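Structure first, commentary second.
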Amino acid sequence: MSTILIIGACGQLGTELTESLRARHGNDKVIATDVSAPKESLLSGPFEHLDAMDGKRIAELIAKYRVDQIYHLAAVLSAKGEADPMFAWNLNMTSLLTVLEIAKERKLERVYWPSSIAVFGPNSPINHTPQNTIMNPNTVYGISKLAGERWCEYYFLKYGVDVRSIRYPGLIGYKAKPGGGTTDYAVDIYYKAKEGKDFNCFLREDTLLPMMYMTDAVDGTIQLMEEESSKIKIRSSYNLHAMSFAPKDIYEAIKSEVPGFSISYEPDFRQKIADSWPNSIDDSHARADWGWEPKYDLKRMTTEILASLILD
């Protein structure tokens, strides 16, 4: 059985992915790491402090735990990245190249690295955006993800590194708070509803974006990583889609269960970022190659989050 190292385990995706992989493989087989202090749920198995750009430390942990697979999730996200572009570029690119080099040298079984719909830009088709199309991202996050996709494919073709990737839409979960993305409103809105507070949205009410419930994202990620190599036809990053909605849609879904809930709109700099992203994604390659199929729509997701979210 493989031993898995997760870099960036304290983030939204990392928290739930760590829990799911430990349930699947056993607590001791999944090594959680992050530069941040862990939540209690991440202490069910090994946890190590790790700066994602510290290649020496990564190599030490691989040797210590006899790691076979890496899930490299650490990144500076879209909105936060615009506040400090050089830091975002350096962290996102240096950490990925460090992991790819280590995977090549140590002949690791598999590497997972997430991309994003941020690779698309204002000249990309906005409806059912194809797997292969024009990409002209206008954020440092999107630029770093597009460059990362090219490096992932390069390391597969040049060195045989079995690296796999998904272009996530906006991810919505409740077990960890968002980390500075443009779609974060779709997480924070549930917290406000649960707290009995009104919500001020930083996007226009009609801003339609591709979204996905975290449970689907985690399940899809594990499904991709457990598929046999011959079925993985795309080594840059797979489009993945579940649903598309605008702030007014998620508000209506919440209001049906929290009647007194209220929303207002005050678009900020993140609106321009959102306007450059697709409305929906064509994920037919993922469905055909490895059987991807989401399970959650907006209504089912909303019901589950509101029933499950426990405030600190």
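Lettering and numbering for the structure tokens are positional, with chains as A, B, ... in the shown order, residues counted from 1 in each chain, and ligands counted from 1 in the shown order.
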> Excluding same-chain residues fewer than 2 positions from Tyr190 of chain A, what lies within 8 Å of it counting only C-alpha atoms, as a ChimeraX atom specification?
Replying inline: /A:186-188,192-194,254,305-306
> Among segment 93-201 of chain A, which residues carry a DSSP assignment of helix (DSSP H, G or I), reported as a PyMOL selection string?
Replying inline: chain A and resi 93-106+117-119+140-159+185-195
> Residues at most 6 Å from segment 70-86 of chain A, counting only C-alpha atoms, excluding those fewer than 6 positions away in the same chain, as number ranges by chain?
Replying inline: A: 4-8, 92, 111-113, 140-141, 180-182
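Taking atom CA of Thr129 of chain A as the reference point, atom CA of Ile281 of chain A is found at 4.7 Å.
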Report as a CSV table (one decimal) with N, CA, C and O atoms, in the first residue's frame all protein, DNA and RNA residues lying within 8 Å of Asp268 of chain A, evaluated on only C-alpha atoms, omitting residues in the same chain fewer than 3 positions from it.
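As written to disk, out-v6.csv reads:
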chain,number,residue,atom,x,y,z
A,202,PHE,N,-19.1,40.3,-2.8
A,202,PHE,CA,-18.1,41.1,-3.6
A,202,PHE,C,-18.2,40.9,-5.1
A,202,PHE,O,-17.4,41.4,-5.8
A,203,LEU,N,-19.2,40.1,-5.5
A,203,LEU,CA,-19.5,39.9,-7.0
A,203,LEU,C,-20.9,40.4,-7.3
A,203,LEU,O,-21.8,40.4,-6.4
A,271,GLN,N,-14.4,41.2,-9.1
A,271,GLN,CA,-15.4,41.1,-10.1
A,271,GLN,C,-14.7,41.0,-11.5
A,271,GLN,O,-15.1,40.3,-12.4
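Near segment 165-173 of chain A, within a cut-off of 6 Å and counting only C-alpha atoms, sit the residues Tyr112, Trp113, Pro114, Ser115, Ser116, Ile117, Thr183, Val187, Pro210, Met211, Met212, Tyr213, Met214, Ser237, Tyr238 and Asn239 of chain A, with same-chain residues fewer than 6 positions away left out.
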Using only all heavy atoms, please write the residues we just selected to a file, as a tab-separated table (two decimals), in the first residue's frame.
chain	number	residue	atom	x	y	z
A	112	TYR	N	0.13	14.32	-7.63
A	112	TYR	CA	-1.07	15.07	-7.95
A	112	TYR	C	-0.81	16.55	-7.72
A	112	TYR	O	-0.26	16.94	-6.68
A	112	TYR	CB	-2.28	14.64	-7.11
A	112	TYR	CG	-3.50	15.45	-7.48
A	112	TYR	CD1	-4.19	15.15	-8.64
A	112	TYR	CD2	-3.89	16.55	-6.72
A	112	TYR	CE1	-5.27	15.93	-9.03
A	112	TYR	CE2	-4.97	17.33	-7.11
A	112	TYR	CZ	-5.65	17.02	-8.27
A	112	TYR	OH	-6.70	17.80	-8.66
A	113	TRP	N	-1.25	17.37	-8.69
A	113	TRP	CA	-1.12	18.83	-8.57
A	113	TRP	C	-2.38	19.47	-9.16
A	113	TRP	O	-2.78	19.14	-10.27
A	113	TRP	CB	0.11	19.30	-9.34
A	113	TRP	CG	0.23	20.80	-9.44
A	113	TRP	CD1	0.72	21.65	-8.50
A	113	TRP	CD2	-0.13	21.61	-10.57
A	113	TRP	NE1	0.68	22.94	-8.95
A	113	TRP	CE2	0.17	22.94	-10.23
A	113	TRP	CE3	-0.66	21.34	-11.83
A	113	TRP	CZ2	-0.06	24.00	-11.10
A	113	TRP	CZ3	-0.90	22.39	-12.70
A	113	TRP	CH2	-0.59	23.71	-12.33
A	114	PRO	N	-3.05	20.34	-8.42
A	114	PRO	CA	-4.29	20.94	-8.92
A	114	PRO	C	-4.07	22.17	-9.77
A	114	PRO	O	-3.28	23.06	-9.42
A	114	PRO	CB	-5.02	21.32	-7.63
A	114	PRO	CG	-3.92	21.60	-6.65
A	114	PRO	CD	-2.78	20.70	-7.01
A	115	SER	N	-4.78	22.21	-10.89
A	115	SER	CA	-4.86	23.44	-11.68
A	115	SER	C	-6.22	24.07	-11.42
A	115	SER	O	-6.88	23.76	-10.42
A	115	SER	CB	-4.65	23.15	-13.16
A	115	SER	OG	-4.53	24.36	-13.89
A	116	SER	N	-6.67	24.95	-12.30
A	116	SER	CA	-7.85	25.77	-12.01
A	116	SER	C	-8.45	26.33	-13.29
A	116	SER	O	-7.75	26.47	-14.31
A	116	SER	CB	-7.45	26.92	-11.09
A	116	SER	OG	-8.42	27.94	-11.06
A	117	ILE	N	-9.72	26.70	-13.24
A	117	ILE	CA	-10.34	27.42	-14.35
A	117	ILE	C	-9.70	28.79	-14.55
A	117	ILE	O	-9.93	29.44	-15.57
A	117	ILE	CB	-11.85	27.58	-14.17
A	117	ILE	CG1	-12.17	28.37	-12.88
A	117	ILE	CG2	-12.55	26.24	-14.19
A	117	ILE	CD1	-13.62	28.83	-12.79
A	183	THR	N	-13.83	32.83	-5.85
A	183	THR	CA	-15.12	32.16	-5.61
A	183	THR	C	-15.39	31.95	-4.11
A	183	THR	O	-16.33	31.25	-3.75
A	183	THR	CB	-15.16	30.80	-6.32
A	183	THR	OG1	-14.04	30.01	-5.90
A	183	THR	CG2	-15.11	30.98	-7.84
A	187	VAL	N	-18.47	30.14	-0.21
A	187	VAL	CA	-18.22	29.44	1.06
A	187	VAL	C	-18.67	30.33	2.21
A	187	VAL	O	-19.44	29.91	3.08
A	187	VAL	CB	-16.72	29.09	1.22
A	187	VAL	CG1	-16.48	28.42	2.56
A	187	VAL	CG2	-16.26	28.21	0.07
A	210	PRO	N	-18.55	28.42	-12.84
A	210	PRO	CA	-18.56	26.98	-12.57
A	210	PRO	C	-18.19	26.72	-11.11
A	210	PRO	O	-17.25	27.33	-10.59
A	210	PRO	CB	-17.49	26.41	-13.51
A	210	PRO	CG	-17.12	27.52	-14.42
A	210	PRO	CD	-17.44	28.79	-13.71
A	211	MET	N	-18.90	25.81	-10.46
A	211	MET	CA	-18.67	25.50	-9.05
A	211	MET	C	-18.74	24.00	-8.81
A	211	MET	O	-19.27	23.25	-9.64
A	211	MET	CB	-19.72	26.20	-8.19
A	211	MET	CG	-19.70	27.71	-8.25
A	211	MET	SD	-18.31	28.41	-7.34
A	211	MET	CE	-18.77	30.16	-7.37
A	212	MET	N	-18.22	23.60	-7.65
A	212	MET	CA	-18.25	22.18	-7.29
A	212	MET	C	-18.23	22.04	-5.78
A	212	MET	O	-17.49	22.75	-5.08
A	212	MET	CB	-17.04	21.46	-7.89
A	212	MET	CG	-17.00	19.95	-7.64
A	212	MET	SD	-15.55	19.20	-8.42
A	212	MET	CE	-15.97	19.44	-10.14
A	213	TYR	N	-19.06	21.13	-5.27
A	213	TYR	CA	-19.04	20.82	-3.84
A	213	TYR	C	-17.77	20.05	-3.52
A	213	TYR	O	-17.31	19.22	-4.30
A	213	TYR	CB	-20.28	20.00	-3.49
A	213	TYR	CG	-20.48	19.75	-2.01
A	213	TYR	CD1	-20.18	20.73	-1.06
A	213	TYR	CD2	-20.99	18.53	-1.57
A	213	TYR	CE1	-20.38	20.50	0.29
A	213	TYR	CE2	-21.20	18.29	-0.21
A	213	TYR	CZ	-20.90	19.28	0.71
A	213	TYR	OH	-21.10	19.05	2.04
A	214	MET	N	-17.21	20.31	-2.34
A	214	MET	CA	-15.92	19.72	-2.00
A	214	MET	C	-15.95	18.19	-2.00
A	214	MET	O	-14.95	17.55	-2.37
A	214	MET	CB	-15.47	20.24	-0.63
A	214	MET	CG	-14.04	19.91	-0.30
A	214	MET	SD	-12.84	20.73	-1.40
A	214	MET	CE	-12.95	22.42	-0.80
A	237	SER	N	-3.85	18.98	-17.57
A	237	SER	CA	-4.85	19.03	-16.51
A	237	SER	C	-6.23	18.83	-17.13
A	237	SER	O	-6.52	19.38	-18.19
A	237	SER	CB	-4.79	20.37	-15.77
A	237	SER	OG	-5.54	20.32	-14.58
A	238	TYR	N	-7.06	18.05	-16.46
A	238	TYR	CA	-8.42	17.77	-16.95
A	238	TYR	C	-9.41	18.86	-16.53
A	238	TYR	O	-9.46	19.25	-15.36
A	238	TYR	CB	-8.93	16.46	-16.36
A	238	TYR	CG	-8.52	15.20	-17.11
A	238	TYR	CD1	-7.44	14.45	-16.68
A	238	TYR	CD2	-9.24	14.77	-18.22
A	238	TYR	CE1	-7.08	13.28	-17.34
A	238	TYR	CE2	-8.88	13.60	-18.89
A	238	TYR	CZ	-7.81	12.86	-18.44
A	238	TYR	OH	-7.45	11.69	-19.10
A	239	ASN	N	-10.23	19.32	-17.49
A	239	ASN	CA	-11.41	20.09	-17.14
A	239	ASN	C	-12.33	19.26	-16.25
A	239	ASN	O	-12.51	18.06	-16.50
A	239	ASN	CB	-12.22	20.45	-18.40
A	239	ASN	CG	-11.69	21.68	-19.11
A	239	ASN	OD1	-10.69	22.26	-18.72
A	239	ASN	ND2	-12.38	22.07	-20.17
> Interatomic distance between atom CA of Lys231 of chain A and atom CA of Asp289 of chain A?
Replying inline: 5.8 Å
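Between atom CA of Glu257 of chain A and atom CA of Leu311 of chain A the separation is 17.5 Å.
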